[in-house]
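Working notes, structure below.
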Amino acid sequence: MSELVIEGLHARVSEREILRGLSMTVRSGEVHALMGPNGSGKSTLSHVLMGKPGYEVTGGTVTLDGVDLLELTTPERAAAGLFLAMQYPTEVPGVGVAEVIEEAFVATGRDPSGVPALLASEADALGIEPTLLERSLNVDLSGGEKKRSDTLQMAVLAPRIALLDEIDSGLDVDALRSVSRRVERATSQGFAGSEPLGVLAITHYTRLLEELHPDFVHIFVDGRIVESGGPELADRLEASGYAAWIN
Ligand code: ADP
Ligand code: MG
């Protein structure tokens with residue numbers, strides 16, 4: 001079993017403290033929803049966990065299966081089993097999805113020869129047009145297509161823990177459903193015999209949670225978790241908005 005353990009995390013960007021003492025643990029097979037208003041620091045959290053330059057960790061610890069993630073480079077964190085679907089996926093002209101995944105396989109000592117077949121079958125499961133796989137990474141893709149492409153990459157890379165930053169944005173109802181079903185299947189079955197996936201799903205809408213059923217819901221305001229609970233917390237949020245948690 002894998003676990004991502006975040007304890008007392010503080011981080012700043014451009015001299016401003018954005019994360020202010022965040023603690024949570026995500027284990028294999030669990031789906032955690034982190035919900036917070038715009039600007040509360042959700043994407044900052046995803047960037048800090050993945051090691052994006054420009055973010056300074058000023059306190060706390062992050063470990064994945066006991067390994068200090070904060071000491072690792074971004075590729076090392078990915079190799080350790082952490083995956084991030086970014087809120088705004090980067091466009092990379094001239095580089096195809098298959099090339100990216102094959103490079104990742106080679107970098108982590110896996111045989112890349114099965115990648116095209118894996119991509120084709122996962123694309124089918126996610127309702128992605130095969131021609132889309134031939135385009136440059138995220139170039140000229142609609143918002144929803146980028147999110148599906150990110151889910152596809154996750155499914156083929158087979159991480160231990162996935163951070164999904166607003167994977168719901170830009171998705172229509174059908175796409176939201178197919179993405180959620182794929183993520184859910186990974187959290188129950190893992191990838192090709194691996195342990196089940198642990199998920200930290202970041203969102204500000206409860207809509208995602210109707211499709212991707214979380215085990216835990218965390219209300220995140222001003223850089224820290226102000227309340228944690230089960231799915232009923234999302235119902236309260238839907239009824240009252242974030243006002244009840246913002247003073
Ligand atoms: P959320 O994803 O919850 O909407 P973000 O983590 O994107 O929030 O942003 C939190 C705060 O941090 C915002 O006020 C944002 O302007 C600020 N911020 C994030 N990244 C940077 C950056 N690179 N430089 C300056 N400010 C930033
Ligand atoms: Mg964000």
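Lettering and numbering for the structure tokens are positional, with chains as A, B, ... in the shown order, residues counted from 1 in each chain, and ligands counted from 1 in the shown order.
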Neighbourhood of ligand 1 at 10 Å, counting only C-alpha atoms and all ligand atoms, reported as a PyMOL selection string: chain A and resi 12-19+34-48+52-55+87+165-166+202-204+220-223
If you count only C-alpha atoms, which residues fall within 10 Å of Ala123 of chain A, apart from same-chain ones fewer than 4 positions away, as a list of chain:residue names?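 The filter keeps A:Ala117, A:Leu118, A:Leu119, A:Gly127, A:Ile128, A:Glu129, A:Pro130, A:Leu132, A:Leu133, A:Arg148, A:Ser149, A:Thr151, A:Leu152, A:Gln153, A:Ala155, A:Val156.
Among A:Leu157, A:Ala186, A:Ser194, A:Ser240, the residue with the shortest atom-to-atom distance to Leu212 of chain A, counting only C-alpha atoms, is A:Ala186.
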Using only C-alpha atoms and all ligand atoms, which residue out of A:Ala107, A:Ile167, A:Ile225, A:Leu72 lies closest to ligand 2? A:Ile167
Just the strand (DSSP E) stuff from segment 17-243 of chain A, please, per backbone DSSP, written as number ranges by chain. A: 17-27, 31-35, 55-64, 67-68, 82-85, 92-96, 136-137, 161-165, 198-203, 216-221, 224-229
Can you pull out the residues contacting Thr61 of chain A? Cut-off 8 Å, using only C-alpha atoms, and skip same-chain residues under 2 positions away; I want them as JSON, numbers by chain. {"A": [5, 6, 7, 8, 9, 59, 63, 68, 70]}
Expected answer as a tab-separated table (two decimals) with N, CA and C atoms, in the first residue's frame: helix (DSSP H, G or I) residues in segment 87-194 of chain A:
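Okay, this is what ended up in selection08.tsv:
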```
chain	number	residue	atom	x	y	z
A	97	VAL	N	1.95	12.63	-27.73
A	97	VAL	CA	1.66	11.96	-26.45
A	97	VAL	C	2.48	10.67	-26.32
A	98	ALA	N	2.53	9.90	-27.42
A	98	ALA	CA	3.24	8.61	-27.36
A	98	ALA	C	4.72	8.81	-27.03
A	99	GLU	N	5.32	9.86	-27.63
A	99	GLU	CA	6.74	10.11	-27.35
A	99	GLU	C	6.97	10.43	-25.89
A	100	VAL	N	6.08	11.25	-25.33
A	100	VAL	CA	6.21	11.63	-23.92
A	100	VAL	C	6.13	10.40	-23.02
A	101	ILE	N	5.14	9.57	-23.30
A	101	ILE	CA	4.93	8.39	-22.45
A	101	ILE	C	6.08	7.39	-22.62
A	102	GLU	N	6.53	7.22	-23.87
A	102	GLU	CA	7.64	6.28	-24.11
A	102	GLU	C	8.91	6.74	-23.39
A	103	GLU	N	9.16	8.06	-23.43
A	103	GLU	CA	10.33	8.61	-22.71
A	103	GLU	C	10.20	8.34	-21.22
A	104	ALA	N	8.98	8.51	-20.70
A	104	ALA	CA	8.76	8.29	-19.26
A	104	ALA	C	8.99	6.82	-18.91
A	105	PHE	N	8.56	5.93	-19.80
A	105	PHE	CA	8.78	4.49	-19.57
A	105	PHE	C	10.28	4.20	-19.54
A	106	VAL	N	11.01	4.72	-20.54
A	106	VAL	CA	12.45	4.47	-20.62
A	106	VAL	C	13.14	5.03	-19.37
A	107	ALA	N	12.74	6.25	-18.98
A	107	ALA	CA	13.38	6.91	-17.83
A	107	ALA	C	13.17	6.13	-16.54
A	112	PRO	N	9.13	0.25	-23.27
A	112	PRO	CA	8.15	1.13	-23.93
A	112	PRO	C	7.44	0.51	-25.13
A	113	SER	N	7.77	-0.74	-25.46
A	113	SER	CA	7.24	-1.29	-26.71
A	113	SER	C	5.72	-1.45	-26.70
A	114	GLY	N	5.13	-1.58	-25.51
A	114	GLY	CA	3.68	-1.76	-25.47
A	114	GLY	C	2.88	-0.47	-25.39
A	115	VAL	N	3.59	0.68	-25.39
A	115	VAL	CA	2.92	1.96	-25.18
A	115	VAL	C	1.84	2.28	-26.23
A	116	PRO	N	2.15	2.11	-27.54
A	116	PRO	CA	1.11	2.45	-28.53
A	116	PRO	C	-0.18	1.66	-28.33
A	117	ALA	N	-0.07	0.38	-28.03
A	117	ALA	CA	-1.27	-0.44	-27.84
A	117	ALA	C	-2.02	-0.02	-26.58
A	118	LEU	N	-1.26	0.29	-25.52
A	118	LEU	CA	-1.88	0.76	-24.28
A	118	LEU	C	-2.64	2.06	-24.52
A	119	LEU	N	-1.98	2.99	-25.24
A	119	LEU	CA	-2.60	4.28	-25.55
A	119	LEU	C	-3.89	4.08	-26.32
A	120	ALA	N	-3.85	3.18	-27.31
A	120	ALA	CA	-5.03	2.96	-28.14
A	120	ALA	C	-6.19	2.42	-27.32
A	121	SER	N	-5.91	1.48	-26.43
A	121	SER	CA	-7.02	0.89	-25.68
A	121	SER	C	-7.55	1.87	-24.63
A	122	GLU	N	-6.65	2.65	-24.01
A	122	GLU	CA	-7.12	3.64	-23.04
A	122	GLU	C	-7.88	4.78	-23.73
A	123	ALA	N	-7.43	5.16	-24.92
A	123	ALA	CA	-8.13	6.22	-25.67
A	123	ALA	C	-9.55	5.77	-25.97
A	124	ASP	N	-9.68	4.51	-26.31
A	124	ASP	CA	-10.99	3.96	-26.60
A	124	ASP	C	-11.89	4.02	-25.36
A	125	ALA	N	-11.34	3.65	-24.21
A	125	ALA	CA	-12.11	3.66	-22.96
A	125	ALA	C	-12.55	5.08	-22.59
A	130	PRO	N	-8.79	8.47	-32.09
A	130	PRO	CA	-7.41	8.02	-32.34
A	130	PRO	C	-6.54	9.09	-33.02
A	131	THR	N	-7.13	9.92	-33.87
A	131	THR	CA	-6.33	10.94	-34.58
A	131	THR	C	-5.76	11.96	-33.60
A	132	LEU	N	-6.44	12.12	-32.48
A	132	LEU	CA	-5.99	13.09	-31.48
A	132	LEU	C	-4.64	12.70	-30.89
A	133	LEU	N	-4.37	11.38	-30.90
A	133	LEU	CA	-3.10	10.88	-30.36
A	133	LEU	C	-1.92	11.24	-31.26
A	134	GLU	N	-2.23	11.59	-32.52
A	134	GLU	CA	-1.14	11.91	-33.45
A	134	GLU	C	-0.74	13.37	-33.38
A	143	GLY	N	-10.50	22.46	-24.18
A	143	GLY	CA	-10.27	22.28	-22.74
A	143	GLY	C	-10.61	20.87	-22.29
A	144	GLY	N	-11.74	20.37	-22.77
A	144	GLY	CA	-12.17	19.03	-22.37
A	144	GLY	C	-11.27	17.94	-22.92
A	145	GLU	N	-10.79	18.16	-24.16
A	145	GLU	CA	-9.88	17.16	-24.76
A	145	GLU	C	-8.56	17.08	-23.99
A	146	LYS	N	-8.10	18.24	-23.50
A	146	LYS	CA	-6.86	18.24	-22.70
A	146	LYS	C	-7.05	17.42	-21.43
A	147	LYS	N	-8.22	17.57	-20.80
A	147	LYS	CA	-8.47	16.83	-19.56
A	147	LYS	C	-8.55	15.33	-19.82
A	148	ARG	N	-9.16	14.98	-20.95
A	148	ARG	CA	-9.22	13.55	-21.30
A	148	ARG	C	-7.83	13.02	-21.62
A	149	SER	N	-7.04	13.85	-22.31
A	149	SER	CA	-5.68	13.45	-22.65
A	149	SER	C	-4.85	13.24	-21.38
A	150	ASP	N	-5.04	14.11	-20.39
A	150	ASP	CA	-4.33	13.97	-19.12
A	150	ASP	C	-4.73	12.67	-18.41
A	151	THR	N	-6.03	12.36	-18.48
A	151	THR	CA	-6.51	11.12	-17.85
A	151	THR	C	-5.91	9.91	-18.56
A	152	LEU	N	-5.81	10.02	-19.88
A	152	LEU	CA	-5.20	8.97	-20.69
A	152	LEU	C	-3.74	8.75	-20.27
A	153	GLN	N	-3.01	9.85	-20.11
A	153	GLN	CA	-1.60	9.75	-19.71
A	153	GLN	C	-1.48	9.10	-18.33
A	154	MET	N	-2.39	9.50	-17.43
A	154	MET	CA	-2.39	8.89	-16.09
A	154	MET	C	-2.58	7.38	-16.19
A	155	ALA	N	-3.56	6.99	-17.01
A	155	ALA	CA	-3.91	5.57	-17.11
A	155	ALA	C	-2.75	4.74	-17.65
A	156	VAL	N	-1.97	5.31	-18.58
A	156	VAL	CA	-0.87	4.56	-19.17
A	156	VAL	C	0.38	4.60	-18.27
A	157	LEU	N	0.61	5.75	-17.62
A	157	LEU	CA	1.78	5.86	-16.75
A	157	LEU	C	1.64	5.05	-15.46
A	173	VAL	N	-20.96	16.66	-19.75
A	173	VAL	CA	-21.47	15.61	-18.85
A	173	VAL	C	-20.93	14.23	-19.21
A	174	ASP	N	-20.92	13.91	-20.51
A	174	ASP	CA	-20.47	12.59	-20.94
A	174	ASP	C	-18.98	12.39	-20.67
A	175	ALA	N	-18.19	13.44	-20.96
A	175	ALA	CA	-16.75	13.34	-20.76
A	175	ALA	C	-16.43	13.25	-19.27
A	176	LEU	N	-17.17	14.02	-18.47
A	176	LEU	CA	-16.97	13.99	-17.02
A	176	LEU	C	-17.21	12.57	-16.51
A	177	ARG	N	-18.22	11.95	-17.07
A	177	ARG	CA	-18.56	10.59	-16.66
A	177	ARG	C	-17.47	9.61	-17.07
A	178	SER	N	-16.99	9.69	-18.31
A	178	SER	CA	-15.99	8.70	-18.73
A	178	SER	C	-14.66	8.90	-17.99
A	179	VAL	N	-14.30	10.16	-17.74
A	179	VAL	CA	-13.07	10.41	-16.98
A	179	VAL	C	-13.23	9.88	-15.55
A	180	SER	N	-14.38	10.17	-14.94
A	180	SER	CA	-14.61	9.72	-13.56
A	180	SER	C	-14.61	8.19	-13.46
A	181	ARG	N	-15.25	7.54	-14.47
A	181	ARG	CA	-15.29	6.07	-14.45
A	181	ARG	C	-13.88	5.50	-14.54
A	182	ARG	N	-13.04	6.11	-15.37
A	182	ARG	CA	-11.67	5.60	-15.55
A	182	ARG	C	-10.87	5.77	-14.26
A	183	VAL	N	-11.02	6.93	-13.63
A	183	VAL	CA	-10.29	7.18	-12.39
A	183	VAL	C	-10.79	6.23	-11.31
A	184	GLU	N	-12.10	6.04	-11.24
A	184	GLU	CA	-12.67	5.16	-10.23
A	184	GLU	C	-12.19	3.72	-10.40
A	185	ARG	N	-12.14	3.28	-11.66
A	185	ARG	CA	-11.69	1.92	-11.92
A	185	ARG	C	-10.25	1.76	-11.41
A	186	ALA	N	-9.44	2.80	-11.62
A	186	ALA	CA	-8.05	2.73	-11.14
A	186	ALA	C	-7.99	2.68	-9.61
A	187	THR	N	-8.93	3.36	-8.94
A	187	THR	CA	-8.88	3.36	-7.48
A	187	THR	C	-9.38	2.04	-6.90
A	188	SER	N	-10.10	1.26	-7.70
A	188	SER	CA	-10.52	-0.04	-7.17
A	188	SER	C	-9.62	-1.17	-7.64
A	189	GLN	N	-9.14	-1.09	-8.90
A	189	GLN	CA	-8.37	-2.20	-9.47
A	189	GLN	C	-6.89	-1.92	-9.69
```
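Between ligand 2 and the candidates A:Val31, A:Ala239, A:Leu137, A:Leu164, the tightest atom-to-atom separation, counting only C-alpha atoms and all ligand atoms, involves A:Leu164.
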Find, counting only C-alpha atoms and all ligand atoms, the residue in A:Trp245, A:Phe191, A:Tyr88, A:Tyr205 that gets nearest to ligand 2.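 Counting only C-alpha atoms and all ligand atoms, the residue closest to ligand 2 is A:Tyr88.
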Given only C-alpha atoms and all ligand atoms as the counted atoms, nearest of A:Val57, A:Met86, A:Leu171, A:Leu64 to ligand 2: A:Met86
Shell around Gly229 of chain A at 8 Å using only C-alpha atoms, local window under 2 positions removed, as a JSON list (two decimals) with N, CA and C atoms, in the first residue's frame:
```
[["chain", "number", "residue", "atom", "x", "y", "z"],
["A", 216, "PHE", "N", -13.39, 10.90, 1.20],
["A", 216, "PHE", "CA", -13.14, 12.00, 2.13],
["A", 216, "PHE", "C", -13.29, 13.33, 1.39],
["A", 217, "VAL", "N", -13.87, 14.31, 2.08],
["A", 217, "VAL", "CA", -13.99, 15.65, 1.53],
["A", 217, "VAL", "C", -13.32, 16.61, 2.50],
["A", 218, "HIS", "N", -12.47, 17.49, 1.96],
["A", 218, "HIS", "CA", -11.78, 18.48, 2.79],
["A", 218, "HIS", "C", -12.14, 19.87, 2.29],
["A", 227, "GLU", "N", -12.03, 21.98, 7.49],
["A", 227, "GLU", "CA", -12.89, 20.91, 7.97],
["A", 227, "GLU", "C", -12.73, 19.70, 7.05],
["A", 231, "PRO", "N", -18.64, 12.42, 2.27],
["A", 231, "PRO", "CA", -19.34, 13.07, 1.16],
["A", 231, "PRO", "C", -20.43, 14.05, 1.60],
["A", 232, "GLU", "N", -20.97, 13.86, 2.82],
["A", 232, "GLU", "CA", -22.03, 14.77, 3.29],
["A", 232, "GLU", "C", -21.53, 16.21, 3.39],
["A", 233, "LEU", "N", -20.22, 16.37, 3.54],
["A", 233, "LEU", "CA", -19.65, 17.72, 3.62],
["A", 233, "LEU", "C", -19.87, 18.47, 2.30]]
```
Residues near Ala80 of chain A, cut-off 9 Å, only C-alpha atoms, skip fewer than 6 positions along chain, as a list in words: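 Near neighbours after the sequence-gap exclusion: Leu64, Val67, Leu69, Pro159 and Arg160 of chain A.
For the atom pair formed by atom CA of Leu141 of chain A and atom CA of Arg207 of chain A, the distance is 22.9 Å, given to one decimal.
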My list of candidates is A:Pro214, A:Ala78, A:Gly241, A:Thr206. Which is closest to Gly29 of chain A when distances are computed with only C-alpha atoms?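 Of A:Pro214, A:Ala78, A:Gly241, A:Thr206, the one nearest Gly29 of chain A is A:Pro214, counting only C-alpha atoms.
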9 Å contact set for Leu237 of chain A, only C-alpha atoms, chain neighbours under 6 positions out, as JSON, numbers by chain: {"A": [206, 219, 243, 244]}
To one decimal place, how far is atom CA of Leu49 of chain A from atom CA of Asn138 of chain A in Å?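 About the pair atom CA of Leu49 of chain A and atom CA of Asn138 of chain A: they are 22.4 Å apart.
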